[in-house]
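*Asks:* start13.cif is reproduced below (mmCIF, C-alpha atoms).
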data_coords
#
loop_
_atom_site.label_atom_id
_atom_site.label_comp_id
_atom_site.auth_asym_id
_atom_site.auth_seq_id
_atom_site.Cartn_x
_atom_site.Cartn_y
_atom_site.Cartn_z
CA MET A 416 -22.22 10.59 15.33
CA ALA A 417 -18.73 11.53 14.10
CA ILE A 418 -15.98 8.95 14.30
CA SER A 419 -13.47 10.03 16.94
CA ALA A 420 -9.72 10.22 16.41
CA ALA A 421 -9.27 7.18 18.67
CA GLU A 422 -11.78 5.18 16.61
CA GLN A 423 -10.12 6.30 13.37
CA TYR A 424 -6.77 5.14 14.77
CA ALA A 425 -8.32 1.78 15.59
CA ILE A 426 -9.63 1.49 12.02
CA GLU A 427 -6.18 2.32 10.66
CA LEU A 428 -4.63 -0.45 12.78
CA VAL A 429 -7.18 -2.96 11.48
CA ASN A 430 -6.51 -1.94 7.89
CA ARG A 431 -2.76 -2.09 8.40
CA ALA A 432 -3.21 -5.67 9.58
CA ARG A 433 -5.41 -6.60 6.63
CA LEU A 434 -3.01 -5.13 4.08
CA ASN A 435 -0.02 -7.10 5.41
CA PRO A 436 -1.29 -9.97 7.61
CA VAL A 437 2.04 -11.75 8.09
CA ALA A 438 3.87 -8.60 9.16
CA GLU A 439 1.09 -7.70 11.59
CA ALA A 440 1.23 -11.12 13.23
CA LYS A 441 5.00 -10.86 13.48
CA ARG A 442 4.61 -7.47 15.15
CA PHE A 443 2.93 -9.28 18.06
CA GLY A 444 5.27 -12.26 18.13
CA ILE A 445 2.80 -14.77 16.69
CA GLY A 446 2.25 -16.72 13.52
CA LEU A 447 -0.71 -15.72 11.39
CA ASN A 448 -2.46 -19.05 11.99
CA ASP A 449 -1.29 -19.77 15.53
CA GLY A 450 -4.05 -21.57 17.43
CA ILE A 451 -6.17 -22.18 14.32
CA ALA A 452 -6.04 -24.58 11.39
CA ALA A 453 -3.18 -23.99 8.98
CA GLY A 454 -4.24 -21.84 6.05
CA THR A 455 -7.33 -20.44 7.77
CA ILE A 456 -5.96 -16.95 7.15
CA SER A 457 -3.97 -16.52 3.94
CA ASN A 458 -0.84 -14.40 3.67
CA ALA A 459 -2.46 -12.29 0.95
CA ALA A 460 -3.59 -8.72 1.46
CA LYS A 461 -7.28 -8.28 2.27
CA GLN A 462 -9.42 -5.38 1.10
CA VAL A 463 -9.48 -2.49 3.54
CA LEU A 464 -12.58 -1.73 5.59
CA ALA A 465 -14.61 1.46 5.28
CA PRO A 466 -16.18 3.16 8.31
CA HIS A 467 -19.99 3.07 8.39
CA GLN A 468 -22.07 5.24 10.71
CA ALA A 469 -24.63 2.53 11.48
CA LEU A 470 -21.94 0.09 12.52
CA ASP A 471 -20.23 2.78 14.57
CA GLY A 472 -23.48 3.53 16.40
CA ALA A 473 -24.18 -0.16 17.02
CA THR A 474 -20.73 -0.72 18.53
CA GLU A 475 -20.92 2.23 20.89
CA SER A 476 -24.40 1.32 22.15
CA HIS A 477 -23.40 -2.32 22.73
CA GLY A 478 -20.19 -1.29 24.48
CA GLN A 479 -22.17 0.90 26.86
CA TRP A 480 -24.69 -1.92 27.41
CA ILE A 481 -21.81 -4.22 28.44
CA LEU A 482 -20.77 -1.73 31.10
CA ASP A 483 -24.30 -0.92 32.25
CA THR A 484 -25.27 -4.58 32.68
CA ASP A 485 -21.91 -6.04 33.74
CA THR A 486 -22.34 -8.54 30.88
CA PHE A 487 -19.48 -9.21 28.48
CA SER A 488 -21.28 -10.98 25.66
CA HIS A 489 -22.07 -10.89 21.95
CA THR A 490 -25.71 -11.32 22.97
CA GLY A 491 -27.00 -7.88 23.85
CA VAL A 492 -30.11 -5.93 24.72
CA GLY A 493 -33.28 -8.00 24.34
CA GLY A 494 -31.28 -11.07 23.33
CA SER A 495 -30.05 -9.31 20.19
CA ARG A 496 -27.18 -10.39 17.97
CA ALA A 497 -24.71 -7.98 16.41
CA GLY A 498 -26.58 -8.19 13.09
CA ASP A 499 -29.79 -7.10 14.81
CA ARG A 500 -28.09 -4.13 16.43
CA ILE A 501 -26.50 -3.08 13.13
CA GLU A 502 -29.90 -3.15 11.41
CA TRP A 503 -31.53 -1.20 14.27
CA ALA A 504 -28.81 1.46 13.98
CA GLY A 505 -29.95 2.22 10.43
CA TYR A 506 -27.91 -0.11 8.24
CA GLY A 507 -30.96 -1.79 6.75
CA ALA A 508 -31.79 -5.46 6.38
CA PHE A 509 -29.07 -7.93 5.46
CA GLY A 510 -29.98 -9.35 2.07
CA SER A 511 -28.75 -12.29 0.04
CA GLY A 512 -24.96 -12.52 -0.08
CA SER A 513 -24.46 -10.02 2.73
CA GLY A 514 -23.31 -10.66 6.26
CA TRP A 515 -21.86 -9.35 9.50
CA GLY A 516 -19.40 -10.14 12.28
CA GLU A 517 -18.30 -8.87 15.67
CA ASN A 518 -15.23 -8.79 17.92
CA LEU A 519 -15.17 -7.78 21.60
CA SER A 520 -12.25 -6.76 23.80
CA LEU A 521 -12.26 -5.78 27.48
CA MET A 522 -9.26 -4.77 29.61
CA SER A 523 -8.00 -2.57 32.41
CA TYR A 524 -6.56 0.70 31.15
CA ALA A 525 -4.89 2.17 34.23
CA GLY A 526 -1.96 4.40 33.31
CA MET A 527 -2.53 4.17 29.57
CA SER A 528 -2.81 7.03 27.12
CA GLU A 529 -5.66 7.09 24.61
CA ALA A 530 -3.39 5.77 21.88
CA GLN A 531 -2.05 3.02 24.13
CA ILE A 532 -5.59 1.87 24.93
CA ILE A 533 -6.38 1.50 21.23
CA GLU A 534 -3.10 -0.29 20.58
CA ALA A 535 -3.67 -2.68 23.51
CA HIS A 536 -7.15 -3.62 22.26
CA HIS A 537 -5.73 -4.24 18.80
CA ALA A 538 -2.94 -6.41 20.20
CA GLN A 539 -5.39 -8.41 22.30
CA LEU A 540 -7.60 -9.16 19.30
CA MET A 541 -4.67 -10.00 17.03
CA ARG A 542 -3.22 -12.43 19.57
CA SER A 543 -6.58 -14.14 20.05
CA SER A 544 -7.09 -17.18 17.83
CA SER A 545 -10.87 -16.73 18.09
CA HIS A 546 -10.85 -13.05 17.06
CA ARG A 547 -8.05 -12.88 14.48
CA PRO A 548 -10.04 -14.74 11.76
CA GLU A 549 -12.94 -12.28 12.07
CA LEU A 550 -10.59 -9.34 11.81
CA MET A 551 -9.07 -10.88 8.65
CA GLU A 552 -12.31 -12.14 7.04
CA THR A 553 -11.93 -11.47 3.31
CA GLN A 554 -15.59 -10.63 2.60
CA HIS A 555 -15.88 -7.82 5.14
CA ARG A 556 -16.07 -4.32 3.61
CA GLU A 557 -17.52 -2.10 6.35
CA ILE A 558 -16.47 -1.50 9.92
CA GLY A 559 -17.59 0.30 13.04
CA ILE A 560 -15.47 0.53 16.18
CA GLY A 561 -16.76 1.76 19.52
CA VAL A 562 -14.46 2.29 22.50
CA VAL A 563 -16.08 3.07 25.86
CA THR A 564 -14.68 3.23 29.37
CA GLY A 565 -16.33 2.82 32.75
CA TYR A 566 -17.02 0.39 35.59
CA TYR A 567 -17.38 -3.30 34.90
CA GLN A 568 -17.97 -5.51 37.93
CA SER A 569 -16.40 -2.78 40.12
CA TYR A 570 -13.29 -2.35 37.94
CA ASP A 571 -12.28 0.52 35.64
CA VAL A 572 -12.15 -0.99 32.17
CA SER A 573 -12.10 -0.11 28.50
CA VAL A 574 -14.36 -2.02 26.12
CA GLU A 575 -13.83 -2.10 22.37
CA VAL A 576 -16.57 -3.42 20.09
CA GLN A 577 -15.81 -4.08 16.43
CA ASN A 578 -18.68 -4.65 14.00
CA PHE A 579 -18.11 -5.81 10.44
CA ALA A 580 -20.49 -6.04 7.49
CA TYR A 581 -20.51 -6.60 3.76
CA ARG A 582 -22.86 -6.25 0.80
CA PRO A 583 -21.79 -7.85 -2.50
CA THR A 584 -22.82 -4.93 -4.71
CA VAL A 585 -21.13 -2.18 -2.71
CA ALA A 586 -17.47 -1.18 -2.63
CA TYR A 587 -15.83 1.91 -1.17
CA VAL A 588 -13.11 4.41 -1.80
CA THR A 589 -12.02 5.11 1.75
CA GLY A 590 -9.07 6.33 3.76
CA VAL A 591 -7.77 9.17 5.86
CA ALA A 592 -6.15 12.56 5.29
CA TYR A 593 -3.35 13.32 7.70
CA GLY A 594 -0.15 15.24 8.24
CA ASP A 595 2.59 12.85 9.28
CA SER A 596 4.03 15.17 11.92
CA ASN A 597 5.95 12.44 13.76
CA ARG A 598 7.27 11.01 10.45
CA ASP A 599 6.44 7.41 11.30
CA LYS A 600 4.77 6.88 7.89
CA PHE A 601 1.47 6.03 9.59
CA TYR A 602 -1.60 7.78 10.96
CA SER A 603 -1.33 8.86 14.60
CA LEU A 604 -3.73 10.56 17.00
CA GLY A 605 -3.83 14.29 16.38
CA GLU A 606 -2.62 14.06 12.78
CA GLY A 607 -6.02 13.95 11.06
CA GLN A 608 -6.78 16.70 8.56
CA SER A 609 -10.41 17.72 8.22
CA GLY A 610 -12.18 19.55 5.43
CA VAL A 611 -10.59 17.76 2.46
CA THR A 612 -13.31 17.22 -0.15
CA MET A 613 -13.51 13.73 -1.65
CA ALA A 614 -15.94 13.30 -4.55
CA LEU A 615 -16.78 10.46 -6.93
CA LEU A 616 -17.34 11.50 -10.53
CA GLY A 617 -21.11 11.43 -11.02
CA GLY A 618 -21.56 10.05 -7.50
CA SER A 619 -21.41 10.94 -3.85
CA SER A 620 -19.08 13.40 -2.14
CA THR A 621 -17.98 14.08 1.41
CA VAL A 622 -15.39 15.96 3.41
CA THR A 623 -12.89 14.36 5.73
CA THR A 624 -13.91 14.38 9.39
CA GLU A 625 -12.04 16.08 12.20
CA ALA A 626 -10.14 12.80 12.60
CA GLY A 627 -9.35 12.84 8.87
CA GLY A 628 -11.39 9.81 7.79
CA TYR A 629 -13.88 9.41 4.96
CA ALA A 630 -15.75 6.76 2.96
CA LEU A 631 -17.42 7.03 -0.45
CA GLU A 632 -19.82 4.30 -1.56
CA GLY A 633 -19.39 3.01 -5.10
CA ILE A 634 -20.46 0.02 -7.16
CA ALA A 635 -18.37 -3.11 -6.73
CA GLY A 636 -16.50 -4.23 -9.83
CA THR A 637 -16.30 -0.80 -11.48
CA GLU A 638 -13.70 1.90 -11.96
CA VAL A 639 -14.66 5.24 -10.46
CA GLY A 640 -13.31 8.74 -10.86
CA LEU A 641 -12.19 10.49 -7.68
CA THR A 642 -11.57 14.20 -7.21
CA ILE A 643 -9.65 15.35 -4.14
CA THR A 644 -9.83 19.03 -3.25
CA ALA A 645 -7.48 20.32 -0.55
CA ASN A 646 -6.40 23.92 0.03
CA GLY A 647 -8.20 24.95 -3.14
CA GLN A 648 -6.26 22.54 -5.34
CA GLU A 649 -7.72 19.54 -7.15
CA THR A 650 -6.28 16.10 -7.85
CA ARG A 651 -8.12 13.73 -10.18
CA LEU A 652 -7.62 9.98 -10.50
CA GLY A 653 -9.30 6.75 -11.49
CA VAL A 654 -9.75 4.07 -8.82
CA ASP A 655 -10.39 0.42 -9.71
CA LEU A 656 -12.95 -1.26 -7.41
CA THR A 657 -12.80 -4.61 -9.23
CA ASP A 658 -11.31 -6.36 -6.20
CA GLY A 659 -13.35 -4.47 -3.60
CA ASN A 660 -12.59 -1.48 -1.41
CA VAL A 661 -9.59 0.73 -2.16
CA LYS A 662 -7.83 2.92 0.37
CA VAL A 663 -6.70 6.35 -0.84
CA ASP A 664 -4.92 8.25 1.91
CA VAL A 665 -3.89 11.89 1.47
CA VAL A 666 -0.60 12.39 3.33
CA ASN A 667 0.97 15.79 3.96
CA GLY A 668 -1.11 17.20 1.13
CA ASN A 669 1.34 15.92 -1.50
CA LEU A 670 1.27 12.11 -1.42
CA LEU A 671 -1.39 9.47 -2.03
CA LYS A 672 -1.02 6.08 -0.35
CA VAL A 673 -3.27 3.52 -2.01
CA SER A 674 -4.27 -0.13 -1.59
CA GLY A 675 -5.53 -0.77 -5.12
CA ASP A 676 -4.96 0.04 -8.78
CA ILE A 677 -5.16 3.75 -9.59
CA THR A 678 -4.48 6.04 -12.53
CA LEU A 679 -3.56 9.68 -11.97
CA TRP A 680 -5.50 11.92 -14.33
CA GLY A 681 -3.90 15.18 -13.27
CA GLY A 682 -3.83 17.87 -10.64
CA ALA A 683 -1.80 18.95 -7.65
CA ILE A 684 -0.75 15.62 -6.09
CA ARG A 685 1.73 13.78 -8.29
CA ASN A 686 3.23 11.16 -5.96
CA VAL A 687 1.69 7.76 -5.16
CA THR A 688 2.84 4.87 -2.95
CA ALA A 689 1.33 1.38 -2.85
CA LEU A 690 0.32 0.08 0.58
CA GLY A 691 0.56 -3.46 1.92
CA VAL A 692 1.67 -6.53 -0.01
CA GLY A 693 -0.95 -6.73 -2.76
CA ASP A 694 -0.22 -6.69 -6.50
CA ILE A 695 -0.99 -3.04 -7.18
CA ASP A 696 -0.69 -1.12 -10.47
CA LEU A 697 0.04 2.61 -10.47
CA THR A 698 -0.21 4.80 -13.57
CA GLY A 699 1.02 8.37 -13.70
CA SER A 700 -0.31 11.41 -15.51
CA GLY A 701 1.31 13.73 -18.03
CA ALA A 702 3.20 15.46 -15.22
CA ALA A 703 6.36 14.42 -13.37
CA ASN A 704 5.27 11.64 -11.00
CA THR A 705 6.96 9.55 -8.33
CA LEU A 706 5.33 6.11 -8.19
CA THR A 707 6.50 3.68 -5.51
CA GLY A 708 5.47 0.05 -5.34
CA ASN A 709 5.40 -2.38 -2.43
CA SER A 710 6.56 -5.96 -1.92
CA GLY A 711 3.92 -7.26 -4.33
CA LYS A 712 4.07 -7.63 -8.10
CA ASN A 713 3.57 -4.07 -9.30
CA VAL A 714 3.13 -2.47 -12.70
CA LEU A 715 4.27 1.15 -12.58
CA ILE A 716 3.62 3.31 -15.66
CA GLY A 717 5.02 6.82 -15.70
CA GLY A 718 3.20 8.28 -18.70
CA GLY A 719 4.36 11.75 -19.68
CA GLY A 720 6.75 13.88 -17.66
CA ASN A 721 10.07 13.15 -15.99
CA ASP A 722 9.02 10.35 -13.67
CA VAL A 723 10.62 8.34 -10.88
CA LEU A 724 9.42 4.73 -10.63
CA VAL A 725 10.48 2.61 -7.65
CA GLY A 726 9.58 -1.08 -7.66
CA LEU A 727 10.86 -2.20 -4.23
CA GLY A 728 10.14 -5.92 -3.63
CA GLY A 729 8.32 -8.28 -5.97
CA HIS A 730 8.69 -9.03 -9.67
CA ASP A 731 7.75 -5.62 -11.00
CA ARG A 732 7.25 -4.09 -14.43
CA LEU A 733 8.30 -0.45 -14.72
CA LEU A 734 7.40 1.52 -17.86
CA GLY A 735 8.75 5.05 -18.03
CA GLY A 736 6.85 6.33 -21.06
CA ASN A 737 7.71 9.77 -22.41
CA GLY A 738 10.10 12.07 -20.60
CA ASN A 739 13.45 11.63 -18.89
CA ASP A 740 12.63 8.96 -16.33
CA ARG A 741 14.45 7.24 -13.49
CA LEU A 742 13.51 3.58 -12.94
CA LEU A 743 14.62 1.61 -9.87
CA GLY A 744 13.68 -2.05 -9.86
CA GLY A 745 14.20 -3.23 -6.29
CA ASN A 746 15.22 -6.61 -4.92
CA ALA A 747 13.55 -9.13 -7.25
CA GLY A 748 13.63 -9.96 -10.94
CA ASP A 749 12.12 -6.90 -12.63
CA THR A 750 11.41 -5.63 -16.13
CA LEU A 751 12.33 -2.00 -16.76
CA VAL A 752 11.45 -0.15 -19.96
CA GLY A 753 12.55 3.46 -20.22
CA GLY A 754 10.55 4.52 -23.26
CA ALA A 755 11.26 7.80 -25.02
CA GLY A 756 13.69 10.29 -23.51
CA ARG A 757 16.96 10.18 -21.58
CA ASP A 758 16.23 7.51 -19.00
CA THR A 759 18.21 6.02 -16.13
CA LEU A 760 17.56 2.35 -15.40
CA ILE A 761 18.69 0.68 -12.17
CA GLY A 762 17.67 -2.95 -11.93
CA GLY A 763 18.74 -3.52 -8.33
CA GLY A 764 18.92 -7.05 -6.96
CA GLY A 765 17.62 -10.04 -8.89
CA TYR A 766 17.69 -11.11 -12.53
CA ASP A 767 16.43 -8.01 -14.33
CA ARG A 768 15.57 -7.19 -17.93
CA LEU A 769 16.32 -3.61 -18.95
CA THR A 770 15.21 -1.87 -22.15
CA GLY A 771 16.13 1.77 -22.60
CA GLY A 772 13.92 2.59 -25.57
CA GLY A 773 14.40 5.74 -27.62
CA GLY A 774 16.96 8.35 -26.62
CA PRO A 775 20.36 8.10 -24.90
CA ASP A 776 19.85 6.01 -21.77
CA THR A 777 22.01 5.15 -18.77
CA PHE A 778 22.14 1.69 -17.21
CA VAL A 779 23.46 1.49 -13.64
CA PHE A 780 25.01 -1.61 -12.09
CA ALA A 781 26.57 -2.21 -8.65
CA ASN A 782 27.80 -5.04 -6.44
CA GLY A 783 24.99 -7.42 -5.46
CA PHE A 784 22.73 -6.54 -8.38
CA ALA A 785 23.00 -10.14 -9.72
CA ARG A 786 22.31 -10.62 -13.43
CA ASP A 787 20.97 -7.86 -15.67
CA ARG A 788 20.14 -8.20 -19.36
CA ILE A 789 20.15 -4.97 -21.35
CA THR A 790 18.14 -5.71 -24.47
CA ASP A 791 18.83 -2.65 -26.63
CA PHE A 792 22.17 -1.10 -25.68
CA ASN A 793 23.06 1.26 -28.52
CA ALA A 794 26.33 3.18 -28.32
CA ALA A 795 25.48 5.12 -31.48
CA GLN A 796 22.34 6.39 -29.76
CA GLY A 797 24.40 7.61 -26.81
CA ASP A 798 23.58 4.86 -24.30
CA LYS A 799 25.93 4.58 -21.34
CA LEU A 800 26.85 2.10 -18.61
CA GLN A 801 27.51 3.24 -15.06
CA PHE A 802 29.47 0.74 -12.99
CA ASP A 803 29.98 1.18 -9.25
CA ASP A 804 33.62 0.64 -8.33
CA ASN A 805 32.50 -1.66 -5.50
CA LEU A 806 32.29 -4.34 -8.20
CA TRP A 807 36.08 -4.73 -8.09
CA SER A 808 39.05 -3.90 -5.90
CA GLY A 809 41.61 -1.28 -6.82
CA GLY A 810 41.39 1.62 -9.21
CA LYS A 811 40.37 0.88 -12.77
CA SER A 812 39.75 3.00 -15.81
CA ALA A 813 36.83 2.34 -18.14
CA GLN A 814 39.18 0.56 -20.53
CA ASP A 815 40.53 -1.54 -17.64
CA VAL A 816 36.95 -2.60 -16.87
CA VAL A 817 36.43 -3.73 -20.45
CA ASN A 818 39.76 -5.55 -20.53
CA SER A 819 39.22 -7.27 -17.17
CA PHE A 820 35.56 -8.22 -17.24
CA ALA A 821 34.05 -8.07 -20.74
CA GLN A 822 33.93 -10.71 -23.44
CA VAL A 823 31.93 -11.29 -26.59
CA THR A 824 29.61 -14.30 -26.43
CA ALA A 825 26.91 -15.75 -28.64
CA ASP A 826 24.38 -13.81 -26.54
CA GLY A 827 26.21 -10.49 -26.76
CA VAL A 828 28.84 -8.71 -24.70
CA VAL A 829 28.96 -10.02 -21.13
CA PHE A 830 30.57 -8.20 -18.20
CA ASP A 831 31.25 -10.86 -15.56
CA PHE A 832 32.31 -9.34 -12.25
CA GLY A 833 32.17 -12.61 -10.31
CA GLY A 834 29.97 -13.49 -7.38
CA ASN A 835 26.95 -13.84 -9.71
CA ASP A 836 27.16 -10.18 -10.76
CA ARG A 837 26.85 -10.10 -14.52
CA VAL A 838 25.62 -7.66 -17.18
CA THR A 839 24.73 -8.83 -20.68
CA LEU A 840 24.47 -6.38 -23.59
CA VAL A 841 22.20 -8.45 -25.80
CA GLY A 842 23.15 -8.39 -29.47
CA VAL A 843 26.33 -6.31 -29.03
CA THR A 844 29.11 -8.03 -30.98
CA SER A 845 32.24 -5.98 -30.34
CA LEU A 846 34.21 -4.49 -27.45
CA GLU A 847 35.62 -1.75 -29.66
CA GLY A 848 34.84 1.74 -28.37
CA LEU A 849 32.78 0.37 -25.49
CA ALA A 850 35.00 2.02 -22.88
CA ASP A 851 33.90 5.42 -24.21
CA HIS A 852 30.39 4.60 -23.00
CA ILE A 853 31.31 3.54 -19.46
CA ALA A 854 31.31 5.78 -16.41
CA ILE A 855 32.69 4.63 -13.06
CA ILE A 856 30.84 5.86 -9.98
#
Go ahead and express the file in the form of structure tokens.

*Replies:*
Amino acid sequence: MAISAAEQYAIELVNRARLNPVAEAKRFGIGLNDGIAAGTISNAAKQVLAPHQALDGATESHGQWILDTDTFSHTGVGGSRAGDRIEWAGYGAFGSGSGWGENLSLMSYAGMSEAQIIEAHHAQLMRSSSHRPELMETQHREIGIGVVTGYYQSYDVSVEVQNFAYRPTVAYVTGVAYGDSNRDKFYSLGEGQSGVTMALLGGSSTVTTEAGGYALEGIAGTEVGLTITANGQETRLGVDLTDGNVKVDVVNGNLLKVSGDITLWGGAIRNVTALGVGDIDLTGSGAANTLTGNSGKNVLIGGGGNDVLVGLGGHDRLLGGNGNDRLLGGNAGDTLVGGAGRDTLIGGGGYDRLTGGGGPDTFVFANGFARDRITDFNAAQGDKLQFDDNLWSGGKSAQDVVNSFAQVTADGVVFDFGGNDRVTLVGVTSLEGLADHIAII
């Protein structure tokens, strides 16, 4: 039985919650551990869940049983538990170290669209102190969601059944292919793209469903090769399953959104964005890549090509590699290393450490960037400083900037703009000629 678009949307909402638990709780006006013991659910990202046909079948049959018998209960046909129903649906016996779970939601749906029904079930389960821990259980790796409507005790209702399962030796590459037509940066009903081939190197392969979803079973704790084929074009990458399931979404045919460490090996898709709040590492290929981190502690490695690396939040490490790269650190203390080529390094907020590497590099600094240390500024190599004129009031020439803000210290030349905005050129011992290497923007 194919997973419907509504069920795929429900899975995406669950995975959004697991990838950023605090933000999801805030979305519904609650604290993550409201109604339960402090620390029951950690703030950390949880591995995403992969759809499984047996779980999907078990949820739909139990949802229909609830309506048919007017019995809203985890105990189902013949006194069965959710684990029994999952096994009967073809999952197989639960062995040592494996397990299961279940959530139930029932509500009136009068006047709601299909998407609103799914969203209301999700909100109900998130707000429930007895269901939220199951939804956030760290061990879960597989999910099935069944949504059925009908009469329950003479009322029109919608029932959602969520089944969860895990096996310690199995991990998945999973996700959804979609065209973000409404530009909300998230999967919506009607956006799924079918027929995209997803294949593990030396392993299983599948095509995305009509709703856009897929799941490929791999071995937990390994790195797997993934080939994506869409519109006759291939993209190849390595996916690290060391920490469990990894989500690889294909968005608009030109962007991968991922929840775990990946390395681009080559092919059509060159842009990757990290999902959630986990500490995710992204490594580019020999082509020009755009790699964007999240609020976690990211390592972004450009490799060859003229790359753009964007750290966003977290204490990130950005390594440009070969090519003329553009590195943007974000709002925390970051380490930026340009590598070979003509690189542009922008630390952003926080106390950043910038190293241009070989080639003439440009270091950009603006109001609110806090304290940057440039470890290898070399005027003879053609390095330049770009200062935003919002660092001071009134018009100033490059020489005025040196005269007003720069001084030689034991640590090097320091530009002190006040308000905690400071740039240190480590090891530079003279102000002479420095104005020739300053641009005002």

*Asks:* For the PyMOL selection byres ((chain A and resi 421-437) around 7), applied here, can you spell out every residue it catches as a list in words?

*Replies:*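 Checking the PyMOL selection byres ((chain A and resi 421-437) around 7) against this file, the residues are Ile418, Ser419, Ala420, Ala438, Glu439, Ala440, Lys441, Leu447, Asn458, Ala460, Lys461, Gln462, Val463, Leu464, Glu529, Ala530, Ile533, Met551, Ile560, Gly561, Tyr602, Ser603, Leu604, Ala626, Gly628, Gly691 and Val692 of chain A.
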
*Asks:* Please determine the residues with any atom at most 12 Å from (3.8, -7.3, -13.8) (coordinates as given in the file, with only C-alpha atoms counting) and report them as a PyMOL selection string.

*Replies:* chain A and resi 694-697+708+711-716+726+729-734+744+747-751

*Asks:* Could you work out how far CA of Gly627 in chain A lies from CA of Asn667 in chain A, giving the answer in Å with one decimal?

*Replies:*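 We find that CA of Asn667 in chain A and CA of Gly627 in chain A lie 11.8 Å from each other.
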
*Asks:* For CA of Asp655 in chain A and CA of Gly738 in chain A, determine how far apart the two atoms are, in Å to one decimal place.

*Replies:*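 Spanning CA of Asp655 in chain A to CA of Gly738 in chain A is a straight-line distance of 26.0 Å.
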
*Asks:* Record the distance separating CA of Val572 in chain A and CA of Ser523 in chain A, expressed in Å with one decimal.

*Replies:*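 CA of Ser523 in chain A lies at a distance of 4.4 Å from CA of Val572 in chain A.
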
*Asks:* Closest to Met522 in chain A among A:Thr564, A:Gly507, A:Ser495, A:Thr644, using all atoms listed in the file?

*Replies:*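 Using all atoms listed in the file, Met522 in chain A sits closest to A:Thr564.
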
*Asks:* Would you write out, as a ChimeraX atom specification, every residue that the PyMOL selection byres ((chain A and resi 829) around 12) captures in this file?

*Replies:* /A:786-789,816-828,830-833,836-846,849

*Asks:* Those same residues - C-alpha atoms - I'd like them written as a short mmCIF file (atom, residue, chain, number, x, y, z; two decimals), in the coordinates of the input.

*Replies:*
data_model
loop_
_atom_site.label_atom_id
_atom_site.label_comp_id
_atom_site.auth_asym_id
_atom_site.auth_seq_id
_atom_site.Cartn_x
_atom_site.Cartn_y
_atom_site.Cartn_z
CA ARG A 786 22.31 -10.62 -13.43
CA ASP A 787 20.97 -7.86 -15.67
CA ARG A 788 20.14 -8.20 -19.36
CA ILE A 789 20.15 -4.97 -21.35
CA VAL A 816 36.95 -2.60 -16.87
CA VAL A 817 36.43 -3.73 -20.45
CA ASN A 818 39.76 -5.55 -20.53
CA SER A 819 39.22 -7.27 -17.17
CA PHE A 820 35.56 -8.22 -17.24
CA ALA A 821 34.05 -8.07 -20.74
CA GLN A 822 33.93 -10.71 -23.44
CA VAL A 823 31.93 -11.29 -26.59
CA THR A 824 29.61 -14.30 -26.43
CA ALA A 825 26.91 -15.75 -28.64
CA ASP A 826 24.38 -13.81 -26.54
CA GLY A 827 26.21 -10.49 -26.76
CA VAL A 828 28.84 -8.71 -24.70
CA PHE A 830 30.57 -8.20 -18.20
CA ASP A 831 31.25 -10.86 -15.56
CA PHE A 832 32.31 -9.34 -12.25
CA GLY A 833 32.17 -12.61 -10.31
CA ASP A 836 27.16 -10.18 -10.76
CA ARG A 837 26.85 -10.10 -14.52
CA VAL A 838 25.62 -7.66 -17.18
CA THR A 839 24.73 -8.83 -20.68
CA LEU A 840 24.47 -6.38 -23.59
CA VAL A 841 22.20 -8.45 -25.80
CA GLY A 842 23.15 -8.39 -29.47
CA VAL A 843 26.33 -6.31 -29.03
CA THR A 844 29.11 -8.03 -30.98
CA SER A 845 32.24 -5.98 -30.34
CA LEU A 846 34.21 -4.49 -27.45
CA LEU A 849 32.78 0.37 -25.49
#

*Asks:* Which residue out of A:Ser457, A:Asn737, A:Thr707, A:Gln608 has the minimum interatomic distance to Ala592 in chain A when only C-alpha atoms are used?

*Replies:* A:Gln608

*Asks:* With distances taken over only C-alpha atoms, which residue among A:His467, A:Lys799, A:Arg542, A:Lys672 lies nearest Arg442 in chain A?

*Replies:*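 Ranked by minimum distance to Arg442 in chain A, first place goes to A:Arg542.
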
*Asks:* Rank A:Arg685, A:Arg768, A:Arg598, A:Arg651 by their smallest atom-to-atom distance to Thr790 in chain A, using only C-alpha atoms, and report the top residue only.

*Replies:*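 Looking at the shortest contact to Thr790 in chain A, the residue is A:Arg768.
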
*Asks:* List every protein, DNA or RNA residue that has an atom no more than 12 Å from (-7.2, -21.9, 8.1) in the file's coordinate frame, counting only C-alpha atoms, and report them as a PyMOL selection string.

*Replies:* chain A and resi 447-458+544-545+547-549+551-552

*Asks:* Restricting it to C-alpha atoms, dump the selection as an mmCIF file, keeping the file's coordinate frame.

*Replies:*
data_model
loop_
_atom_site.group_PDB
_atom_site.id
_atom_site.type_symbol
_atom_site.label_atom_id
_atom_site.label_comp_id
_atom_site.auth_asym_id
_atom_site.auth_seq_id
_atom_site.Cartn_x
_atom_site.Cartn_y
_atom_site.Cartn_z
ATOM 1 C CA LEU A 447 -0.710 -15.720 11.390
ATOM 2 C CA ASN A 448 -2.460 -19.050 11.990
ATOM 3 C CA ASP A 449 -1.290 -19.770 15.530
ATOM 4 C CA GLY A 450 -4.050 -21.570 17.430
ATOM 5 C CA ILE A 451 -6.170 -22.180 14.320
ATOM 6 C CA ALA A 452 -6.040 -24.580 11.390
ATOM 7 C CA ALA A 453 -3.180 -23.990 8.980
ATOM 8 C CA GLY A 454 -4.240 -21.840 6.050
ATOM 9 C CA THR A 455 -7.330 -20.440 7.770
ATOM 10 C CA ILE A 456 -5.960 -16.950 7.150
ATOM 11 C CA SER A 457 -3.970 -16.520 3.940
ATOM 12 C CA ASN A 458 -0.840 -14.400 3.670
ATOM 13 C CA SER A 544 -7.090 -17.180 17.830
ATOM 14 C CA SER A 545 -10.870 -16.730 18.090
ATOM 15 C CA ARG A 547 -8.050 -12.880 14.480
ATOM 16 C CA PRO A 548 -10.040 -14.740 11.760
ATOM 17 C CA GLU A 549 -12.940 -12.280 12.070
ATOM 18 C CA MET A 551 -9.070 -10.880 8.650
ATOM 19 C CA GLU A 552 -12.310 -12.140 7.040
#
